[in-house]
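Undergrad: Sending over a structure as structure tokens; questions will come in a sec.
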Amino acid sequence: MGIERERERRSPFALSLFWRTFFLLALLLGGGIFAWLITLRQLEFEPRAVQAAQQIASLVNVSREALRFADQVNRTALVKSIADQESVKLLPREPSDVFEAFASDRFSRRISAELQSRLGPGTVVAQSVNGARGLWVGISIDKDQVWLQADPRRLQAEVNDSTYFVWIGIALVATLLGSAGVAGLINRPLQQLSFAASRIRDGEFDSRLDERTATREIREVNMGFNRMARELAKVEEDRAVMLAGISHDLRTPLARLRLEAEMSVEDDDAKRNMAADIEQLDAIIDKFMDYARPGDAQLVAVPVSWLLDREIAAFRDPEHLRIESRVAIDVRVMADETELGRVFANLFENARRYGRGTDTGIARVQIGHVRTGPWVILSVRDHGPGVAPEKLAQLTTPFFRGDAARTAATGAGLGLAIVDKAVQRMGGQLELANAPDGGLVAHIRLKSADAPAAHRA
């Protein structure tokens, strides 16, 4: 069907303007947050490394000087006091000690270099000694070589990762909410414009947009749209008056011609032909009026089977047209009763004129239906010669006739154009195709009256 083909032509990744704006803003602001995060981490790296090295160096210097001036009796008590209060252990450094250098990454290398600069070139900084991990600093106290083990928690290369994640999460949530708000504000005038344009498309020319909005560009667009709506309303009003005048002015002389023909012409055949020509002209005027009818369809639940019985009764002509309906009695669609009746009447008339079988000369029409989700597809098929495939798309063009129709053209070439326009006014779609075994079939897709209200919207 046409609707499926239309959906296939659309990009599967198409986004509304709101979501496109939202994702672009979120990407921009999120990228900015991460860029600032990396920048801040780089800016804090040097001061944090120097500060940590200064703290360790101060602790080592204080401990070394205290031990240097303490006698042998008090040194043991001093070592125990430092260990209890500052979490610093002092152990003798032996030549056989196995240690692993502290410098393993950028931060630790910076600390090692800073400690060696402050404590002297003979200072050894290790991250493990004899398998015991921690922050080990090898120093000399007079002639003694000792290891000072400081609490590794004194060194932190960066703010705790969980803290970063918390702040990043808060920033991202704020970014998403802000992006949604900004995208909504940006797209609200465009949504209003889209809604007003859809109302104009449906024939509601009284749609107006706010001309006092603060945004200059949107205000100018709204003013231009309102001017266009006023002009379209005036054109529509003038068109209705013109059509009414044409209809009246043409039908009055036609009525006089018919009366004069019946009174003055004595030949019955000539009188009958003149009357047929006048009726044809009157029917053509009706076609023009139907096609130009304003799009003000009032959709209600219409029982299709009942409506078909009424329209079929008006075409009871077994010698030229036979219609068979297979539509279930419980099928209901959302439609304008008058418009839908006009749709079937035009399709039956089109079949009567151009859908006759070559063997019998009788136009046979079959009507069926299919339910598909919230839709009902009504099929009206004749068993005539059909239409060339390349000309199917042109059948709903006003005044177009296929080759088979031109040879016996007695209408205005508006029948299928009227059908297409009426179906669109009712929110449906018309598709014309050739049946596999011959004949033209019209598929009319309309919303089911029994579908949930959310699907009918």
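Simple scheme: letters A, B, ... for chains in structure tokens order, numbers from 1 for residues in each chain, numbers from 1 for ligands in the order shown.
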Could you write out, as a ChimeraX atom specification, all the residues of range 85-150 of chain A that DSSP marks as helix (DSSP H, G or I)?
TA: /A:85-86,106-119
Undergrad: For CA of Val235 in chain A and CA of Ser198 in chain A, determine how far apart the two atoms are, in Å to one decimal place.
TA: 18.0 Å
Undergrad: If I take CA of Gln54 in chain A and CA of Thr39 in chain A, how far is one from the other in Å, to one decimal?
TA: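 Spanning CA of Gln54 in chain A to CA of Thr39 in chain A is a straight-line distance of 23.8 Å.
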Undergrad: Hey, could you make a per-residue contact list for range 30-140 of chain A against range 171-180 of chain A with 12 Å as the cut-off, showing the nearest pair of atoms and its distance in Å to one decimal, counting only C-alpha atoms, sorted by chain and number, as a tab-separated table?
TA:
```
residue	atom	partner	partner_atom	distance
A:Gly30	CA	A:Leu172	CA	6.5
A:Gly31	CA	A:Leu172	CA	10.1
A:Gly32	CA	A:Thr175	CA	10.2
A:Ile33	CA	A:Ala171	CA	7.4
A:Phe34	CA	A:Leu172	CA	9.8
A:Trp36	CA	A:Ala171	CA	11.4
A:Leu37	CA	A:Ala171	CA	10.8
```
Undergrad: Please determine, counting only C-alpha atoms, which residue among A:Arg256, A:Arg310, A:Lys447, A:His383 has the shortest atom-to-atom distance to Ala335 in chain A.
TA: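 Using only C-alpha atoms, the shortest distance to Ala335 in chain A belongs to A:Lys447.
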